[in-house]
$ cat input_4.cif   # mmCIF, C-alpha atoms
data_work
#
loop_
_atom_site.label_atom_id
_atom_site.label_comp_id
_atom_site.auth_asym_id
_atom_site.auth_seq_id
_atom_site.Cartn_x
_atom_site.Cartn_y
_atom_site.Cartn_z
CA MET A 1 0.00 0.00 0.00
CA LYS A 2 1.13 3.52 -0.72
CA PRO A 3 1.85 5.77 2.28
CA THR A 4 -0.72 8.30 1.01
CA PHE A 5 -3.44 5.66 1.09
CA LEU A 6 -2.43 4.61 4.61
CA LEU A 7 -2.58 8.21 5.79
CA ALA A 8 -6.01 8.70 4.18
CA ALA A 9 -7.28 5.43 5.68
CA SER A 10 -5.94 6.43 9.09
CA LEU A 11 -7.58 9.85 8.89
CA ALA A 12 -10.88 8.30 7.77
CA ALA A 13 -10.77 5.82 10.69
CA THR A 14 -10.01 8.64 13.13
CA ALA A 15 -12.89 10.73 11.76
CA ALA A 16 -15.28 7.75 11.92
CA ALA A 17 -14.30 7.07 15.53
CA ALA A 18 -14.84 10.73 16.45
CA LEU A 19 -18.26 10.70 14.82
CA ALA A 20 -19.24 7.54 16.70
CA ALA A 21 -18.18 8.94 20.09
CA PRO A 22 -20.97 10.25 22.30
CA LEU A 23 -21.45 13.99 22.69
CA ASP A 24 -20.17 15.11 26.07
CA GLY A 25 -21.54 18.11 27.88
CA ALA A 26 -22.91 19.50 31.11
CA PHE A 27 -25.72 16.90 31.15
CA GLY A 28 -23.42 13.93 30.62
CA PRO A 29 -22.73 11.94 27.47
CA ILE A 30 -25.52 11.75 24.92
CA GLU A 31 -25.65 9.42 21.94
CA ARG A 32 -24.53 11.17 18.79
CA PRO A 33 -27.32 11.44 16.19
CA ALA A 34 -26.71 9.37 13.09
CA ALA A 35 -25.56 11.27 10.04
CA PRO A 36 -28.14 11.42 7.27
CA GLU A 37 -27.59 8.94 4.47
CA PHE A 38 -28.73 9.52 0.90
CA ASP A 39 -28.75 7.23 -2.11
CA ASP A 40 -27.57 10.00 -4.42
CA ASP A 41 -27.13 13.75 -4.82
CA ALA A 42 -30.73 14.18 -5.95
CA ALA A 43 -32.03 12.67 -2.70
CA ALA A 44 -29.71 14.88 -0.66
CA THR A 45 -30.78 17.98 -2.62
CA THR A 46 -34.46 17.15 -2.18
CA GLU A 47 -33.99 16.70 1.58
CA LEU A 48 -32.12 20.02 1.82
CA ARG A 49 -35.00 21.74 0.02
CA ARG A 50 -37.57 20.14 2.28
CA ARG A 51 -35.69 21.14 5.42
CA THR A 52 -35.14 24.69 4.14
CA MET A 53 -38.87 25.06 3.47
CA GLN A 54 -39.62 23.67 6.95
CA ALA A 55 -37.24 26.23 8.46
CA ALA A 56 -38.99 29.05 6.59
CA SER A 57 -42.36 27.72 7.77
CA GLY A 58 -41.14 27.71 11.36
CA HIS A 59 -40.08 31.36 11.12
CA PHE A 60 -43.42 32.29 9.54
CA ARG A 61 -45.30 30.50 12.31
CA ALA A 62 -43.22 32.17 15.03
CA LEU A 63 -43.82 35.60 13.49
CA ASP A 64 -47.51 34.84 13.10
CA ALA A 65 -47.71 33.91 16.79
CA ILE A 66 -45.99 37.15 17.80
CA LEU A 67 -47.43 39.68 15.33
CA ARG A 68 -50.93 38.34 14.84
CA GLY A 69 -51.42 36.13 17.90
CA ASP A 70 -49.97 38.43 20.55
CA ALA A 71 -47.30 36.02 21.80
CA PRO A 72 -45.20 38.05 24.24
CA GLN A 73 -41.75 37.62 22.62
CA LYS A 74 -41.82 40.85 20.59
CA GLU A 75 -38.02 41.08 20.80
CA GLN A 76 -37.78 38.02 18.52
CA VAL A 77 -39.57 39.61 15.54
CA THR A 78 -36.33 40.90 14.00
CA LEU A 79 -34.56 37.56 14.47
CA HIS A 80 -37.27 35.61 12.64
CA ALA A 81 -37.76 38.25 9.94
CA GLU A 82 -34.02 38.37 9.19
CA ALA A 83 -33.89 34.57 9.08
CA LEU A 84 -36.69 34.54 6.48
CA ALA A 85 -34.88 37.18 4.42
CA ALA A 86 -31.67 35.11 4.57
CA ILE A 87 -33.51 31.98 3.44
CA ALA A 88 -35.16 33.93 0.61
CA ALA A 89 -31.81 35.33 -0.52
CA ASP A 90 -30.42 31.81 -0.93
CA LEU A 91 -33.38 29.98 -2.48
CA ASP A 92 -31.99 30.13 -6.00
CA THR A 93 -29.07 27.95 -4.87
CA VAL A 94 -31.39 25.54 -3.05
CA PHE A 95 -33.35 25.05 -6.29
CA ALA A 96 -30.40 25.30 -8.70
CA ALA A 97 -30.14 21.59 -9.51
CA GLU A 98 -33.11 19.92 -11.14
CA THR A 99 -34.03 16.66 -9.47
CA PRO A 100 -36.13 13.77 -10.70
CA HIS A 101 -39.83 14.12 -10.05
CA ALA A 102 -42.16 11.18 -10.40
CA GLU A 103 -45.52 11.96 -11.99
CA GLY A 104 -47.96 12.91 -9.23
CA ALA A 105 -45.29 12.98 -6.53
CA LEU A 106 -45.37 15.73 -3.94
CA GLY A 107 -42.74 18.45 -3.92
CA ALA A 108 -40.98 20.77 -6.33
CA SER A 109 -42.63 20.80 -9.73
CA PRO A 110 -40.53 20.42 -12.88
CA ARG A 111 -42.00 23.81 -13.87
CA ILE A 112 -39.31 25.38 -11.66
CA TRP A 113 -36.69 24.36 -14.23
CA ASP A 114 -38.95 24.31 -17.29
CA GLU A 115 -40.12 27.90 -16.68
CA PRO A 116 -37.14 29.59 -15.00
CA GLU A 117 -38.37 33.13 -15.70
CA SER A 118 -41.63 32.47 -13.88
CA PHE A 119 -39.81 30.87 -10.95
CA GLU A 120 -37.38 33.80 -10.80
CA ARG A 121 -40.32 36.24 -10.60
CA HIS A 122 -41.60 34.28 -7.60
CA LEU A 123 -38.15 34.31 -5.99
CA ASP A 124 -37.80 38.06 -6.59
CA GLY A 125 -41.20 38.72 -5.02
CA PHE A 126 -40.33 36.60 -2.00
CA ARG A 127 -36.92 38.24 -1.60
CA ASP A 128 -38.44 41.72 -1.79
CA ALA A 129 -41.26 40.91 0.63
CA THR A 130 -38.98 39.29 3.20
CA ALA A 131 -36.46 42.16 2.90
CA ASP A 132 -39.33 44.62 3.54
CA LEU A 133 -40.45 42.51 6.51
CA ALA A 134 -36.92 42.44 7.96
CA ALA A 135 -36.53 46.22 7.50
CA ALA A 136 -39.87 46.89 9.18
CA ALA A 137 -38.98 44.55 12.03
CA ALA A 138 -35.58 46.21 12.54
CA ALA A 139 -37.30 49.62 12.64
CA GLY A 140 -39.85 48.32 15.14
CA ARG A 141 -42.78 48.96 12.82
CA SER A 142 -43.82 45.47 11.71
CA ASP A 143 -47.58 45.16 12.12
CA GLY A 144 -48.34 41.78 10.60
CA GLU A 145 -49.40 43.11 7.20
CA ASP A 146 -45.80 42.86 5.96
CA LEU A 147 -45.79 39.28 7.24
CA LEU A 148 -48.92 38.54 5.21
CA ALA A 149 -47.30 40.11 2.14
CA ALA A 150 -44.31 37.78 2.51
CA ARG A 151 -46.59 34.79 3.13
CA TYR A 152 -48.53 35.67 -0.02
CA GLN A 153 -45.33 35.37 -2.06
CA CYS A 154 -44.68 31.90 -0.61
CA LEU A 155 -48.19 30.70 -1.29
CA ALA A 156 -48.25 32.11 -4.83
CA CYS A 157 -45.07 30.23 -5.70
CA HIS A 158 -46.35 27.04 -4.10
CA GLN A 159 -49.62 27.33 -6.01
CA GLU A 160 -47.79 27.48 -9.32
CA MET A 161 -44.50 25.64 -8.70
CA ARG A 162 -45.27 22.89 -6.20
CA THR A 163 -46.99 19.58 -6.77
CA ARG A 164 -49.48 18.77 -4.03
#
$ encode --input "input_4.cif" --output "structure tokens"
Amino acid sequence: MKPTFLLAASLAATAAAALAAPLDGAFGPIERPAAPEFDDDAAATTELRRRTMQAASGHFRALDAILRGDAPQKEQVTLHAEALAAIAADLDTVFAAETPHAEGALGASPRIWDEPESFERHLDGFRDATADLAAAAAAGRSDGEDLLAARYQCLACHQEMRTR
């Protein structure tokens, strides 16, 4: 065996052992969560998209609870609004690679890649609306209407570009 291969094998074994070790902390050792496994890049990309959309949904729901449901954590409005704007700013990379889509399957519609101009208009609207929401939140003037405007952009895209 070549020395380079032995070094690589040794590093891989060391990394695997570190990943298998429990997480230690103030509450004692805790079993390390298993790393996600994917059959291919398309499956990994699809899971990343799904998780990104779930994260956006969580921020929308938190903002809805605060701005429209009178949850007391008003100081968190800016945090959630900025998180939504950051997600919106990066959505073109999350949807850059086309992935297989079985007929009738749930998820991203092939229209995203077949009609890129239409999808880009949706992304632009979402970016603008979430940027406006974040600016209003930072200025302390978010009243919930800017949240609904951002939510509208999400729903409009889903109506046209998502298979349900």
$ resolve_selection --input "input_4.cif" --expression "the PyMOL selection byres ((chain A and resi 128) around 12)" --output "ChimeraX atom specification"
/A:84-86,88-89,121-127,129-135,146-147,149-154
$ write_last_selection --input "input_4.cif" --atoms "C-alpha atoms" --output "mmCIF file, keeping the file's coordinate frame"
data_model
loop_
_atom_site.group_PDB
_atom_site.id
_atom_site.type_symbol
_atom_site.label_atom_id
_atom_site.label_comp_id
_atom_site.auth_asym_id
_atom_site.auth_seq_id
_atom_site.Cartn_x
_atom_site.Cartn_y
_atom_site.Cartn_z
ATOM 1 C CA LEU A 84 -36.690 34.540 6.480
ATOM 2 C CA ALA A 85 -34.880 37.180 4.420
ATOM 3 C CA ALA A 86 -31.670 35.110 4.570
ATOM 4 C CA ALA A 88 -35.160 33.930 0.610
ATOM 5 C CA ALA A 89 -31.810 35.330 -0.520
ATOM 6 C CA ARG A 121 -40.320 36.240 -10.600
ATOM 7 C CA HIS A 122 -41.600 34.280 -7.600
ATOM 8 C CA LEU A 123 -38.150 34.310 -5.990
ATOM 9 C CA ASP A 124 -37.800 38.060 -6.590
ATOM 10 C CA GLY A 125 -41.200 38.720 -5.020
ATOM 11 C CA PHE A 126 -40.330 36.600 -2.000
ATOM 12 C CA ARG A 127 -36.920 38.240 -1.600
ATOM 13 C CA ALA A 129 -41.260 40.910 0.630
ATOM 14 C CA THR A 130 -38.980 39.290 3.200
ATOM 15 C CA ALA A 131 -36.460 42.160 2.900
ATOM 16 C CA ASP A 132 -39.330 44.620 3.540
ATOM 17 C CA LEU A 133 -40.450 42.510 6.510
ATOM 18 C CA ALA A 134 -36.920 42.440 7.960
ATOM 19 C CA ALA A 135 -36.530 46.220 7.500
ATOM 20 C CA ASP A 146 -45.800 42.860 5.960
ATOM 21 C CA LEU A 147 -45.790 39.280 7.240
ATOM 22 C CA ALA A 149 -47.300 40.110 2.140
ATOM 23 C CA ALA A 150 -44.310 37.780 2.510
ATOM 24 C CA ARG A 151 -46.590 34.790 3.130
ATOM 25 C CA TYR A 152 -48.530 35.670 -0.020
ATOM 26 C CA GLN A 153 -45.330 35.370 -2.060
ATOM 27 C CA CYS A 154 -44.680 31.900 -0.610
#
$ atom_distance --input "input_4.cif" --atom1 "CA of His158 (chain A)" --atom2 "CA of Arg141 (chain A)"
27.9 Å
$ resolve_selection --input "input_4.cif" --expression "the PyMOL selection byres ((chain A and resi 78) around 10)" --output "ChimeraX atom specification"
/A:63,74-77,79-84,133-140,142
$ write_last_selection --input "input_4.cif" --atoms "C-alpha atoms" --output "PDB file, keeping the file's coordinate frame"
ATOM      1  CA  LEU A  63     -43.820  35.600  13.490  1.00  0.00           C
ATOM      2  CA  LYS A  74     -41.820  40.850  20.590  1.00  0.00           C
ATOM      3  CA  GLU A  75     -38.020  41.080  20.800  1.00  0.00           C
ATOM      4  CA  GLN A  76     -37.780  38.020  18.520  1.00  0.00           C
ATOM      5  CA  VAL A  77     -39.570  39.610  15.540  1.00  0.00           C
ATOM      6  CA  LEU A  79     -34.560  37.560  14.470  1.00  0.00           C
ATOM      7  CA  HIS A  80     -37.270  35.610  12.640  1.00  0.00           C
ATOM      8  CA  ALA A  81     -37.760  38.250   9.940  1.00  0.00           C
ATOM      9  CA  GLU A  82     -34.020  38.370   9.190  1.00  0.00           C
ATOM     10  CA  ALA A  83     -33.890  34.570   9.080  1.00  0.00           C
ATOM     11  CA  LEU A  84     -36.690  34.540   6.480  1.00  0.00           C
ATOM     12  CA  LEU A 133     -40.450  42.510   6.510  1.00  0.00           C
ATOM     13  CA  ALA A 134     -36.920  42.440   7.960  1.00  0.00           C
ATOM     14  CA  ALA A 135     -36.530  46.220   7.500  1.00  0.00           C
ATOM     15  CA  ALA A 136     -39.870  46.890   9.180  1.00  0.00           C
ATOM     16  CA  ALA A 137     -38.980  44.550  12.030  1.00  0.00           C
ATOM     17  CA  ALA A 138     -35.580  46.210  12.540  1.00  0.00           C
ATOM     18  CA  ALA A 139     -37.300  49.620  12.640  1.00  0.00           C
ATOM     19  CA  GLY A 140     -39.850  48.320  15.140  1.00  0.00           C
ATOM     20  CA  SER A 142     -43.820  45.470  11.710  1.00  0.00           C
TER      21      SER A 142
END
$ resolve_selection --input "input_4.cif" --expression "the PyMOL selection byres ((chain A and resi 31) around 6)" --output "list in words"
Pro22, Ile30 and Arg32 of chain A
$ residues_around --input "input_4.cif" --residues "Glu103 (chain A)" --least-positions-apart "4" --cutoff "12 Å" --atoms "all atoms listed in the file" --output "number ranges by chain"
A: 107-110, 163-164
